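Shown next: input14.csv, containing CSV, C-alpha atoms.
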```
chain,number,residue,atom,x,y,z
A,9,MET,CA,145.0,-154.6,-29.9
A,10,SER,CA,141.3,-154.5,-28.9
A,11,THR,CA,139.6,-151.2,-28.5
A,12,SER,CA,136.8,-152.4,-26.3
A,13,LEU,CA,138.6,-151.4,-23.1
A,14,LEU,CA,139.1,-147.8,-24.4
A,15,TYR,CA,135.4,-147.5,-25.3
A,16,HIS,CA,133.8,-149.2,-22.3
A,17,ALA,CA,136.2,-147.8,-19.6
A,18,PHE,CA,137.1,-144.4,-20.9
A,19,GLY,CA,134.5,-143.5,-23.6
A,20,ILE,CA,137.1,-143.4,-26.3
A,21,ARG,CA,136.2,-144.6,-29.8
A,22,GLY,CA,137.9,-144.5,-33.2
A,23,TYR,CA,141.4,-145.0,-31.6
A,24,GLN,CA,143.7,-148.0,-31.4
A,25,GLN,CA,145.6,-149.0,-28.3
A,26,ARG,CA,149.2,-149.6,-29.0
A,27,SER,CA,150.6,-150.4,-25.6
A,28,ILE,CA,150.1,-150.1,-21.8
A,29,ASP,CA,152.9,-148.8,-19.6
A,30,PHE,CA,153.2,-149.1,-15.8
A,31,PHE,CA,155.4,-146.7,-13.8
A,32,GLU,CA,155.5,-145.5,-10.2
A,33,GLY,CA,152.1,-147.0,-9.5
A,34,ARG,CA,150.5,-145.3,-12.6
A,35,VAL,CA,148.9,-146.8,-15.7
A,36,CYS,CA,149.4,-145.2,-19.1
A,37,PHE,CA,147.5,-146.2,-22.3
A,38,ASN,CA,149.3,-145.3,-25.5
A,39,ILE,CA,146.8,-144.8,-28.3
A,40,GLU,CA,146.7,-143.4,-31.8
A,41,GLN,CA,144.1,-142.6,-34.5
A,42,PRO,CA,144.1,-144.8,-37.7
A,43,ARG,CA,145.4,-142.9,-40.7
A,44,LYS,CA,142.3,-143.6,-42.7
A,45,SER,CA,140.1,-141.7,-40.2
A,46,TYR,CA,142.0,-138.4,-40.4
A,47,ARG,CA,139.7,-135.5,-41.1
A,48,CYS,CA,140.2,-131.7,-41.4
A,49,PRO,CA,139.0,-130.2,-38.1
A,50,ALA,CA,137.6,-127.1,-40.0
A,51,CYS,CA,135.7,-128.5,-43.0
A,52,GLY,CA,135.6,-132.3,-42.2
A,53,SER,CA,137.2,-133.2,-45.5
A,54,ALA,CA,139.1,-136.5,-45.8
A,55,ALA,CA,141.4,-135.0,-48.4
A,56,VAL,CA,144.2,-134.5,-46.0
A,57,HIS,CA,147.9,-135.3,-45.8
A,58,ALA,CA,149.7,-136.1,-42.5
A,59,GLN,CA,152.4,-133.7,-41.4
A,60,GLY,CA,153.7,-135.1,-38.1
A,61,HIS,CA,152.0,-135.2,-34.7
A,62,ARG,CA,152.0,-133.8,-31.2
A,63,ASP,CA,151.8,-135.9,-28.0
A,64,ARG,CA,149.1,-135.1,-25.5
A,65,PHE,CA,149.3,-136.6,-22.0
A,66,LEU,CA,145.8,-136.7,-20.5
A,67,LYS,CA,144.6,-137.8,-17.1
A,68,THR,CA,141.5,-140.1,-17.2
A,69,VAL,CA,139.4,-142.1,-14.8
A,70,PRO,CA,141.5,-144.0,-12.3
A,71,ILE,CA,141.6,-147.8,-12.3
A,72,GLY,CA,141.1,-148.8,-8.7
A,73,LEU,CA,143.5,-146.6,-6.7
A,74,ARG,CA,146.0,-146.3,-9.6
A,75,PRO,CA,146.1,-142.9,-11.4
A,76,THR,CA,145.5,-143.5,-15.1
A,77,PHE,CA,146.6,-141.6,-18.2
A,78,ILE,CA,146.1,-141.5,-21.9
A,79,LEU,CA,149.1,-140.8,-24.2
A,80,VAL,CA,147.6,-139.9,-27.6
A,81,LYS,CA,149.4,-139.0,-30.7
A,82,VAL,CA,147.5,-136.0,-32.2
A,83,PRO,CA,148.2,-135.7,-36.0
A,84,ARG,CA,148.8,-132.5,-37.9
A,85,VAL,CA,147.3,-132.5,-41.4
A,86,ILE,CA,147.3,-130.4,-44.5
A,87,CYS,CA,143.8,-130.0,-45.9
A,88,PHE,CA,143.7,-129.8,-49.7
A,89,HIS,CA,140.3,-128.0,-49.5
A,90,CYS,CA,141.2,-125.3,-46.9
A,91,GLU,CA,144.9,-125.3,-48.0
A,92,ARG,CA,145.9,-124.9,-44.3
A,93,THR,CA,147.7,-127.1,-41.8
A,94,ARG,CA,145.8,-127.9,-38.7
A,95,GLN,CA,145.8,-130.2,-35.7
A,96,VAL,CA,143.2,-133.0,-35.7
A,97,LYS,CA,140.6,-132.6,-33.0
A,98,VAL,CA,140.6,-135.0,-30.0
A,99,PRO,CA,136.9,-135.8,-29.4
A,100,PHE,CA,137.3,-137.1,-25.9
A,101,ALA,CA,139.1,-134.1,-24.3
A,102,ASP,CA,138.9,-130.3,-24.4
A,103,PRO,CA,141.9,-128.8,-26.3
A,104,ARG,CA,142.8,-126.5,-23.3
A,105,ARG,CA,142.5,-129.2,-20.6
A,106,THR,CA,144.9,-131.9,-19.3
A,107,TYR,CA,142.2,-134.4,-18.6
A,108,THR,CA,139.5,-136.3,-20.6
A,109,HIS,CA,135.8,-135.7,-20.6
A,110,ALA,CA,135.4,-139.0,-18.7
A,111,PHE,CA,137.6,-137.7,-15.9
A,112,GLU,CA,135.6,-134.6,-15.8
A,113,ARG,CA,132.3,-136.5,-15.5
A,114,TYR,CA,133.8,-138.7,-12.8
A,115,ALA,CA,135.0,-135.7,-10.8
A,116,LEU,CA,131.6,-134.1,-11.0
A,117,GLU,CA,130.0,-137.3,-9.7
A,118,LEU,CA,132.4,-137.5,-6.8
A,119,SER,CA,131.7,-133.9,-6.0
A,120,LYS,CA,128.1,-134.7,-5.2
A,121,PHE,CA,129.2,-136.6,-2.1
A,122,THR,CA,132.5,-135.0,-1.1
A,123,THR,CA,134.2,-131.6,-0.8
A,124,ILE,CA,136.4,-130.2,-3.5
A,125,GLN,CA,139.5,-130.9,-1.4
A,126,ASP,CA,138.5,-134.5,-0.8
A,127,THR,CA,137.8,-135.0,-4.5
A,128,ALA,CA,141.1,-133.4,-5.4
A,129,ARG,CA,143.0,-135.7,-3.0
A,130,HIS,CA,141.3,-138.8,-4.2
A,131,LEU,CA,142.0,-138.0,-7.9
A,132,ASP,CA,145.6,-136.7,-7.2
A,133,VAL,CA,145.0,-133.3,-8.8
A,134,SER,CA,145.1,-129.8,-7.4
A,135,TRP,CA,142.1,-128.1,-5.7
A,136,ASP,CA,141.9,-125.6,-8.5
A,137,VAL,CA,141.4,-128.3,-11.1
A,138,ILE,CA,138.3,-129.7,-9.4
A,139,LYS,CA,137.0,-126.2,-8.7
A,140,ASP,CA,137.4,-125.3,-12.4
A,141,ILE,CA,135.5,-128.4,-13.4
A,142,GLN,CA,132.7,-127.6,-11.1
A,143,LYS,CA,132.6,-123.9,-12.1
A,144,ARG,CA,132.3,-124.6,-15.8
A,145,ASN,CA,129.6,-127.2,-15.2
A,146,LEU,CA,127.6,-124.7,-13.1
A,147,GLN,CA,128.0,-122.0,-15.7
A,148,ARG,CA,126.7,-124.3,-18.4
A,149,ARG,CA,123.7,-125.4,-16.4
A,150,PHE,CA,122.8,-122.5,-14.0
A,151,ALA,CA,124.4,-119.2,-15.1
A,152,LYS,CA,121.3,-117.9,-16.8
A,153,PRO,CA,118.1,-119.5,-15.2
A,154,ALA,CA,115.0,-119.3,-17.4
A,155,LEU,CA,112.6,-116.6,-16.1
A,156,HIS,CA,109.7,-116.8,-18.5
A,157,LYS,CA,107.8,-119.3,-16.4
A,158,LEU,CA,108.0,-117.3,-13.1
A,159,LYS,CA,104.6,-116.8,-11.4
A,160,GLU,CA,105.3,-116.4,-7.7
A,161,ILE,CA,108.6,-115.2,-6.3
A,162,ALA,CA,110.2,-114.2,-3.0
A,163,ILE,CA,112.9,-111.6,-2.6
A,164,ASP,CA,115.2,-111.2,0.5
A,165,GLU,CA,118.8,-110.5,1.3
A,166,VAL,CA,121.1,-112.9,3.1
A,167,ALA,CA,124.4,-112.3,4.9
A,168,VAL,CA,127.2,-114.1,3.2
A,169,GLY,CA,130.4,-112.8,4.9
A,170,LYS,CA,131.9,-110.6,7.5
A,171,GLY,CA,131.9,-106.8,7.1
A,172,HIS,CA,128.1,-106.6,6.2
A,173,ARG,CA,128.5,-108.5,2.9
A,174,TYR,CA,125.1,-109.4,1.5
A,175,PHE,CA,123.5,-111.1,-1.5
A,176,THR,CA,120.0,-110.4,-2.6
A,177,LEU,CA,118.2,-113.5,-3.7
A,178,VAL,CA,115.1,-114.1,-5.8
A,179,LEU,CA,113.5,-117.5,-5.3
A,180,ASP,CA,111.0,-119.2,-7.6
A,181,LEU,CA,108.4,-120.3,-5.0
A,182,ARG,CA,107.0,-123.0,-7.2
A,183,SER,CA,110.2,-124.8,-8.1
A,184,GLY,CA,112.2,-123.8,-5.0
A,185,ALA,CA,115.1,-122.7,-7.2
A,186,VAL,CA,117.1,-119.5,-6.8
A,187,VAL,CA,116.8,-117.6,-10.1
A,188,TYR,CA,118.9,-114.6,-9.3
A,189,VAL,CA,121.8,-113.6,-7.0
A,190,GLY,CA,122.6,-109.9,-6.8
A,191,ASP,CA,125.5,-108.3,-5.0
A,192,GLY,CA,124.7,-106.3,-1.9
A,193,LYS,CA,121.2,-105.4,-0.8
A,194,GLY,CA,118.6,-102.8,-1.7
A,195,VAL,CA,117.1,-101.6,-5.0
A,196,ALA,CA,120.4,-101.4,-6.9
A,197,SER,CA,121.1,-105.1,-6.4
A,198,LEU,CA,118.0,-106.0,-8.3
A,199,THR,CA,118.5,-103.8,-11.4
A,200,ALA,CA,119.9,-106.7,-13.6
A,201,PHE,CA,117.0,-109.0,-12.5
A,202,TRP,CA,114.3,-106.6,-13.5
A,203,ARG,CA,116.0,-106.1,-16.9
A,204,ARG,CA,116.2,-109.9,-17.5
A,205,LEU,CA,112.6,-110.3,-16.3
A,206,ARG,CA,111.3,-107.8,-18.8
A,207,ALA,CA,113.3,-109.5,-21.6
A,208,ALA,CA,111.8,-112.9,-20.7
A,209,ARG,CA,108.3,-111.4,-20.7
A,210,ALA,CA,107.5,-113.2,-17.5
A,211,LYS,CA,104.0,-112.8,-16.0
A,212,VAL,CA,104.7,-112.7,-12.3
A,213,ARG,CA,101.4,-112.8,-10.3
A,214,ALA,CA,102.7,-112.4,-6.7
A,215,VAL,CA,105.8,-111.2,-4.9
A,216,ALA,CA,106.7,-111.9,-1.3
A,217,THR,CA,109.1,-109.5,0.5
A,218,ASP,CA,109.5,-107.8,3.9
A,219,MET,CA,108.0,-104.3,4.5
A,220,GLY,CA,111.1,-102.4,3.5
A,221,LYS,CA,110.4,-99.2,1.5
A,222,ALA,CA,113.0,-100.1,-1.1
A,223,TYR,CA,111.3,-103.4,-1.9
A,224,ILE,CA,107.9,-101.7,-2.0
A,225,ARG,CA,109.1,-99.1,-4.5
A,226,ALA,CA,111.0,-101.6,-6.6
A,227,VAL,CA,108.0,-104.0,-6.9
A,228,ARG,CA,105.6,-101.1,-7.6
A,229,GLU,CA,107.8,-99.8,-10.4
A,230,ASN,CA,108.7,-103.1,-12.1
A,231,LEU,CA,105.8,-105.4,-11.4
A,232,PRO,CA,102.8,-103.0,-11.1
A,233,ARG,CA,100.2,-105.8,-11.8
A,234,ALA,CA,101.6,-108.3,-9.3
A,235,VAL,CA,100.1,-108.8,-5.9
A,236,HIS,CA,102.7,-107.7,-3.3
A,237,VAL,CA,102.5,-109.9,-0.1
A,238,PHE,CA,104.3,-108.8,3.0
A,239,ASP,CA,106.0,-111.8,4.6
A,240,HIS,CA,104.3,-112.5,7.9
A,241,PHE,CA,107.4,-113.9,9.5
A,242,HIS,CA,109.1,-110.5,9.1
A,243,VAL,CA,106.0,-108.8,10.5
A,244,VAL,CA,106.1,-111.0,13.7
A,245,LYS,CA,109.9,-110.6,13.9
A,246,LEU,CA,109.6,-106.8,13.7
A,247,PHE,CA,107.1,-106.9,16.6
A,248,ASN,CA,109.4,-109.2,18.6
A,249,ASP,CA,112.1,-106.6,18.1
A,250,LYS,CA,109.8,-103.9,19.5
A,251,LEU,CA,108.9,-106.2,22.4
A,252,SER,CA,112.6,-106.7,23.2
A,253,ALA,CA,113.1,-102.9,23.0
A,254,LEU,CA,110.2,-102.3,25.4
A,255,ARG,CA,111.6,-104.8,27.9
A,256,ARG,CA,115.0,-103.1,27.9
A,257,GLU,CA,113.4,-99.7,28.4
A,258,LEU,CA,111.4,-101.0,31.3
A,259,TYR,CA,114.5,-102.7,32.8
A,260,ARG,CA,116.4,-99.4,32.8
A,261,GLU,CA,113.5,-97.6,34.5
A,262,LEU,CA,113.3,-100.1,37.4
A,263,SER,CA,115.0,-99.0,40.6
A,264,ASP,CA,114.3,-102.0,42.7
A,265,ASP,CA,117.1,-104.6,42.5
A,266,GLY,CA,114.7,-107.5,43.1
A,267,GLN,CA,112.4,-106.4,40.3
A,268,ARG,CA,115.4,-106.0,38.0
A,269,ARG,CA,116.5,-109.6,38.8
A,270,LEU,CA,113.0,-110.9,37.9
A,271,LEU,CA,113.0,-109.1,34.5
A,272,LYS,CA,116.6,-109.9,33.7
A,273,GLY,CA,117.0,-112.9,31.3
A,274,THR,CA,113.3,-113.0,30.3
A,275,ARG,CA,113.9,-111.8,26.7
A,276,TRP,CA,113.6,-115.3,25.2
A,277,LEU,CA,110.7,-116.2,27.4
A,278,LEU,CA,108.8,-113.2,26.1
A,279,LEU,CA,109.5,-114.2,22.5
A,280,LYS,CA,108.7,-117.9,22.9
A,281,ASN,CA,105.3,-119.2,21.9
A,282,PRO,CA,103.4,-120.3,25.1
A,283,GLU,CA,103.2,-123.9,24.0
A,284,ASN,CA,107.1,-124.0,23.8
A,285,LEU,CA,107.7,-122.9,27.3
A,286,ASP,CA,109.7,-125.6,29.2
A,287,PRO,CA,108.0,-126.8,32.4
A,288,GLU,CA,111.2,-128.4,33.7
A,289,ARG,CA,112.9,-125.1,33.7
A,290,ASN,CA,109.9,-123.4,35.3
A,291,GLU,CA,109.8,-121.0,32.4
A,292,ARG,CA,106.0,-120.3,32.6
A,293,GLN,CA,106.2,-119.2,36.2
A,294,ARG,CA,109.3,-117.0,35.5
A,295,LEU,CA,107.3,-115.4,32.6
A,296,GLU,CA,104.3,-114.7,34.7
A,297,ASP,CA,106.4,-113.2,37.5
A,298,ALA,CA,108.0,-110.8,35.0
A,299,LEU,CA,104.6,-109.8,33.4
A,300,ARG,CA,103.2,-108.9,36.8
A,301,LEU,CA,105.9,-106.3,37.2
A,302,ASN,CA,104.6,-104.0,34.5
A,303,THR,CA,101.3,-103.5,32.7
A,304,PRO,CA,102.7,-102.2,29.4
A,305,LEU,CA,104.9,-105.3,29.2
A,306,THR,CA,101.9,-107.6,29.9
A,307,ILE,CA,99.8,-105.8,27.2
A,308,ALA,CA,102.6,-106.1,24.6
A,309,TYR,CA,103.1,-109.8,25.4
A,310,TYR,CA,99.5,-110.7,24.8
A,311,LEU,CA,99.3,-108.5,21.7
A,312,LYS,CA,102.2,-110.5,20.4
A,313,GLU,CA,100.2,-113.7,20.8
A,314,ASP,CA,97.2,-112.2,19.1
A,315,LEU,CA,99.3,-110.9,16.2
A,316,ARG,CA,99.8,-114.4,14.9
A,317,GLN,CA,96.0,-114.8,14.6
A,318,ILE,CA,95.9,-112.4,11.6
A,319,TRP,CA,97.3,-115.1,9.4
A,320,GLN,CA,95.3,-118.1,10.8
A,321,GLN,CA,91.8,-117.1,9.7
A,322,HIS,CA,89.6,-119.0,7.2
A,323,ASN,CA,89.1,-115.9,4.9
A,324,LYS,CA,90.3,-112.4,4.2
A,325,THR,CA,87.2,-110.7,5.7
A,326,THR,CA,87.7,-112.3,9.1
A,327,ALA,CA,91.4,-111.5,9.0
A,328,ARG,CA,90.7,-107.9,8.2
A,329,ARG,CA,88.5,-107.6,11.3
A,330,ILE,CA,91.2,-109.2,13.4
A,331,LEU,CA,93.8,-106.8,12.0
A,332,ASN,CA,91.6,-103.7,12.6
A,333,ASP,CA,90.9,-104.9,16.2
A,334,TRP,CA,94.6,-105.4,16.8
A,335,ILE,CA,95.5,-102.0,15.5
A,336,ALA,CA,92.8,-100.3,17.6
A,337,ARG,CA,93.9,-102.1,20.8
A,338,ALA,CA,97.6,-101.2,20.2
A,339,MET,CA,96.7,-97.6,19.6
A,340,ALA,CA,94.7,-97.4,22.9
A,341,THR,CA,97.6,-98.6,25.0
A,342,ASP,CA,99.4,-95.2,25.2
A,343,VAL,CA,102.6,-97.1,24.8
A,344,ARG,CA,104.8,-95.3,22.3
A,345,ILE,CA,106.4,-98.4,20.8
A,346,LEU,CA,103.1,-100.2,20.4
A,347,GLU,CA,101.5,-97.2,18.8
A,348,GLN,CA,104.3,-96.9,16.3
A,349,PHE,CA,104.0,-100.5,15.3
A,350,ALA,CA,100.2,-100.2,14.9
A,351,ALA,CA,100.8,-97.3,12.6
A,352,THR,CA,103.2,-99.5,10.6
A,353,LEU,CA,100.5,-102.2,10.2
A,354,GLU,CA,98.0,-99.6,9.2
A,355,GLU,CA,100.3,-98.3,6.5
A,356,HIS,CA,100.9,-101.8,5.1
A,357,ARG,CA,97.4,-103.2,5.6
A,358,GLN,CA,96.9,-104.1,2.0
A,359,GLY,CA,100.1,-106.1,1.7
A,360,ILE,CA,99.5,-108.0,5.0
A,361,LEU,CA,96.0,-109.0,3.9
A,362,ALA,CA,97.3,-110.0,0.4
A,363,TYR,CA,98.4,-113.2,2.1
A,364,TYR,CA,94.8,-114.4,1.7
A,365,ASP,CA,95.0,-113.8,-2.1
A,366,TYR,CA,98.4,-115.6,-2.4
A,367,PRO,CA,99.5,-117.5,0.7
A,368,ILE,CA,103.2,-117.1,0.1
A,369,SER,CA,106.1,-115.9,2.2
A,370,THR,CA,109.9,-115.6,2.2
A,371,GLY,CA,110.0,-118.6,4.5
A,372,PRO,CA,111.5,-120.9,1.8
A,373,LEU,CA,114.3,-118.3,1.4
A,374,GLU,CA,115.1,-118.8,5.0
A,375,GLY,CA,115.6,-122.5,4.3
A,376,THR,CA,117.8,-121.7,1.4
A,377,ASN,CA,119.8,-119.4,3.6
A,378,THR,CA,120.4,-122.3,6.0
A,379,LYS,CA,121.7,-124.4,3.2
A,380,ILE,CA,124.0,-121.6,2.0
A,381,GLN,CA,125.5,-121.3,5.5
A,382,ALA,CA,126.0,-125.1,5.7
A,383,MET,CA,127.6,-125.0,2.2
A,384,LYS,CA,130.0,-122.2,3.3
A,385,ARG,CA,131.0,-124.2,6.4
A,386,GLN,CA,131.5,-127.4,4.4
A,387,ALA,CA,133.7,-125.5,1.9
A,388,TYR,CA,135.5,-123.4,4.6
A,389,GLY,CA,134.4,-120.3,2.6
A,390,PHE,CA,134.7,-119.3,-1.0
A,391,ARG,CA,137.6,-117.3,-2.5
A,392,ASP,CA,135.9,-117.0,-5.9
A,393,HIS,CA,132.9,-114.6,-5.7
A,394,ASP,CA,131.4,-115.8,-9.0
A,395,PHE,CA,131.8,-119.5,-8.1
A,396,PHE,CA,130.0,-118.9,-4.8
A,397,LYS,CA,127.0,-117.3,-6.7
A,398,LEU,CA,126.9,-120.2,-9.1
A,399,LYS,CA,126.8,-122.6,-6.2
A,400,ILE,CA,123.8,-120.7,-4.7
A,401,LEU,CA,122.0,-120.9,-8.1
A,402,ALA,CA,122.4,-124.7,-8.0
A,403,ILE,CA,121.7,-125.1,-4.3
A,404,HIS,CA,118.2,-126.5,-4.8
A,405,GLN,CA,119.7,-129.6,-6.3
A,406,ALA,CA,122.2,-130.2,-3.5
A,407,LYS,CA,121.9,-131.5,0.0
A,408,TYR,CA,124.0,-130.0,2.7
A,409,ALA,CA,124.3,-131.0,6.4
A,410,LEU,CA,125.9,-128.9,9.1
A,411,VAL,CA,129.5,-130.1,9.7
A,412,GLY,CA,132.1,-129.3,12.4
```

Would you encode the structure as structure tokens?
Amino acid sequence: MSTSLLYHAFGIRGYQQRSIDFFEGRVCFNIEQPRKSYRCPACGSAAVHAQGHRDRFLKTVPIGLRPTFILVKVPRVICFHCERTRQVKVPFADPRRTYTHAFERYALELSKFTTIQDTARHLDVSWDVIKDIQKRNLQRRFAKPALHKLKEIAIDEVAVGKGHRYFTLVLDLRSGAVVYVGDGKGVASLTAFWRRLRAARAKVRAVATDMGKAYIRAVRENLPRAVHVFDHFHVVKLFNDKLSALRRELYRELSDDGQRRLLKGTRWLLLKNPENLDPERNERQRLEDALRLNTPLTIAYYLKEDLRQIWQQHNKTTARRILNDWIARAMATDVRILEQFAATLEEHRQGILAYYDYPISTGPLEGTNTKIQAMKRQAYGFRDHDFFKLKILAIHQAKYALVG
């Protein structure tokens, strides 16, 4: 029989089709290898003698909605060079798998558009088979990302599960790819990354992190020549937390019920940018009424608006003047929370202004975190910890939308 269907449909060459069987809605191709093409799997010698065979039943790409299988007779041969009996290799299937390479490629292609469960149902196999195919593909392509070309990176931790479970991610800011996923958070989670980075002899020029002392120490010890940029989103978020704490403190101090009602529910109004206040909900008027209640709250609110100006200047010299002015004004307020934050900015002045040397941030990592959460929801969680980490390493090549 012709071998063209075997080659063009299933990628099988060098075999002859003997028959096709149909049973219970399934298709089975019976094939075998011509005797003259037998070779020793170890040395490749053609000086072999057949010693029986073993049948292998392999799942392959379906024809329409019909599950399709390949029944192949795998010869056993005695090699006169090696003087050993071995089983001839099957080039179109892994010796430890029950499916062909073509089936594996087809499953991977489907997985780009469907969940593991949907792919498994369509191909009539178990969830674990599709997951195993994906995991081995991810290990081959992403298990050890190349680090030697890293120039600008961002480091941050993301929450990945209940019970304060975290991963620490390192992102290549130029390619947008996650190049390292560490268990937990803090200095210890990056130990393996620094070791691999030294081995790769990468010349990292700039690192973006938050102002955590652990990150500062880790970057100073492992990348002493790199410019350490403190992420401005984290700086603003830290001040917003201080502003919320000040509002709560003032709310507890108020004794008048009417004033307490005015201040209650204004947290998000204080944190919103003025241009985002909703006129239909009368948010600007509610904010102004709350600010009139207390001078420290008013000062803190307008300092919050001025804080963003530090990163919106044309050059570093102007930004330094803005930062110095902001710190001086905060120190002069006699408000403990504002004075503490001003002292924090003073301590981290160099890393804040380093933004004008390398305008980078951990913002792209926040986008990656959003994709991770969408991936988790789509998959309904991950039982395999290593598989989850591999999926994160490959997430820059995937597109995820929020579902449910």

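For the atom pair formed by CA of Arg84 in chain A and CA of His57 in chain A, the distance is 8.4 Å, given to one decimal.
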
Selection near Gly169 in chain A, 12 Å with all atoms listed in the file, sequence-local residues under 6 positions removed, as a VMD selection string: chain A and resid 175 191 to 192 380 to 381 384 to 385 388 to 391 393 396

Those same residues, written as a compact mmCIF listing (two decimals), in the coordinates of the input with C-alpha atoms?
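Saved file out.txt follows:
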```txt
# COMPACT_ATOMS: atom_id res chain seq x y z
CA PHE A 175 123.50 -111.10 -1.50
CA ASP A 191 125.50 -108.30 -5.00
CA GLY A 192 124.70 -106.30 -1.90
CA ILE A 380 124.00 -121.60 2.00
CA GLN A 381 125.50 -121.30 5.50
CA LYS A 384 130.00 -122.20 3.30
CA ARG A 385 131.00 -124.20 6.40
CA TYR A 388 135.50 -123.40 4.60
CA GLY A 389 134.40 -120.30 2.60
CA PHE A 390 134.70 -119.30 -1.00
CA ARG A 391 137.60 -117.30 -2.50
CA HIS A 393 132.90 -114.60 -5.70
CA PHE A 396 130.00 -118.90 -4.80
```

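One distance worth recording is that between CA of Thr217 in chain A and CA of His242 in chain A, which is 8.7 Å.
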
Å distance separating CA of Leu231 in chain A from CA of Ala154 in chain A, one decimal place: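 Taking CA of Leu231 in chain A as the start and CA of Ala154 in chain A as the end point, the length is 17.7 Å.
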
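Across A:Leu118, A:Leu13, A:Ala210, A:Leu254, the tightest approach to Asn230 in chain A is made by A:Ala210 when counting only C-alpha atoms.
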
Within 7 Å of range 308-321 of chain A, counting only C-alpha atoms, which residues show up once you throw out same-chain ones fewer than 6 positions away? Write them as a list of chain:residue names, please.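 Answer for this query is A:Leu251, A:Leu278, A:Ala327, A:Ile330, A:Leu331.
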
Shortest interatomic distance to Thr76 in chain A - which of A:Asn145, A:Asn38, A:Thr370, A:Asn377, counting all atoms listed in the file: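 With all atoms listed in the file as the atom set, the closest residue is A:Asn38.
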
For a quick check of your reading of the model, name the residues lying within 6 Å of the coordinate (141.5, -139.3, -31.5), counting only C-alpha atoms, and write them as a list in words.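 Those residues lying close to the given coordinates are Tyr23, Gln41 and Val98 of chain A.
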
9 Å contact set for Ile138 in chain A, only C-alpha atoms, chain neighbours under 4 positions out, as an MDAnalysis selection string: chainID A and resid 112 115:116 119 124:125 127:128 133:134 142:143

So which one's closest to Lys397 in chain A, A:Trp135, A:Tyr174, A:Tyr46, A:Phe121? Using all atoms listed in the file, please.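 Nearest to Lys397 in chain A: A:Tyr174.
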
Just the residues within 10 Å of Ser183 in chain A, please, counting all atoms listed in the file, with nothing from its chain fewer than 2 positions along; format it as a ChimeraX atom specification. /A:158,160-161,179-181,185-187,404

Neighbour residues at most 12 Å from (108.3, -105.9, -3.8) (all atoms listed in the file) as a ChimeraX atom specification: /A:160-164,178,194-195,198,202,212-239,359,369-370

Add whatever atoms are absent from range 168-180 of chain A to reach N, CA and C atoms, and provide the output as a compact mmCIF listing (two decimals), keeping the file's coordinate frame.
```
# COMPACT_ATOMS: atom_id res chain seq x y z
N VAL A 168 126.36 -113.07 3.75
CA VAL A 168 127.20 -114.10 3.20
C VAL A 168 128.69 -113.96 3.66
N GLY A 169 128.99 -112.98 4.49
CA GLY A 169 130.40 -112.80 4.90
C GLY A 169 130.50 -111.71 5.95
N LYS A 170 131.68 -111.60 6.50
CA LYS A 170 131.90 -110.60 7.50
C LYS A 170 131.98 -109.20 6.81
N GLY A 171 131.81 -108.18 7.61
CA GLY A 171 131.90 -106.80 7.10
C GLY A 171 130.59 -106.43 6.35
N HIS A 172 129.45 -106.98 6.80
CA HIS A 172 128.10 -106.60 6.20
C HIS A 172 128.09 -106.93 4.71
N ARG A 173 128.59 -108.11 4.32
CA ARG A 173 128.50 -108.50 2.90
C ARG A 173 127.17 -109.28 2.74
N TYR A 174 126.43 -108.86 1.71
CA TYR A 174 125.10 -109.40 1.50
C TYR A 174 124.95 -109.82 0.01
N PHE A 175 124.08 -110.81 -0.20
CA PHE A 175 123.50 -111.10 -1.50
C PHE A 175 122.02 -110.92 -1.43
N THR A 176 121.44 -110.42 -2.51
CA THR A 176 120.00 -110.40 -2.60
C THR A 176 119.53 -111.51 -3.51
N LEU A 177 118.65 -112.35 -2.97
CA LEU A 177 118.20 -113.50 -3.70
C LEU A 177 116.77 -113.41 -4.15
N VAL A 178 116.51 -113.97 -5.33
CA VAL A 178 115.10 -114.10 -5.80
C VAL A 178 114.87 -115.58 -5.98
N LEU A 179 113.80 -116.04 -5.34
CA LEU A 179 113.50 -117.50 -5.30
C LEU A 179 112.16 -117.72 -6.07
N ASP A 180 112.19 -118.72 -6.93
CA ASP A 180 111.00 -119.20 -7.60
C ASP A 180 110.21 -120.05 -6.57
```
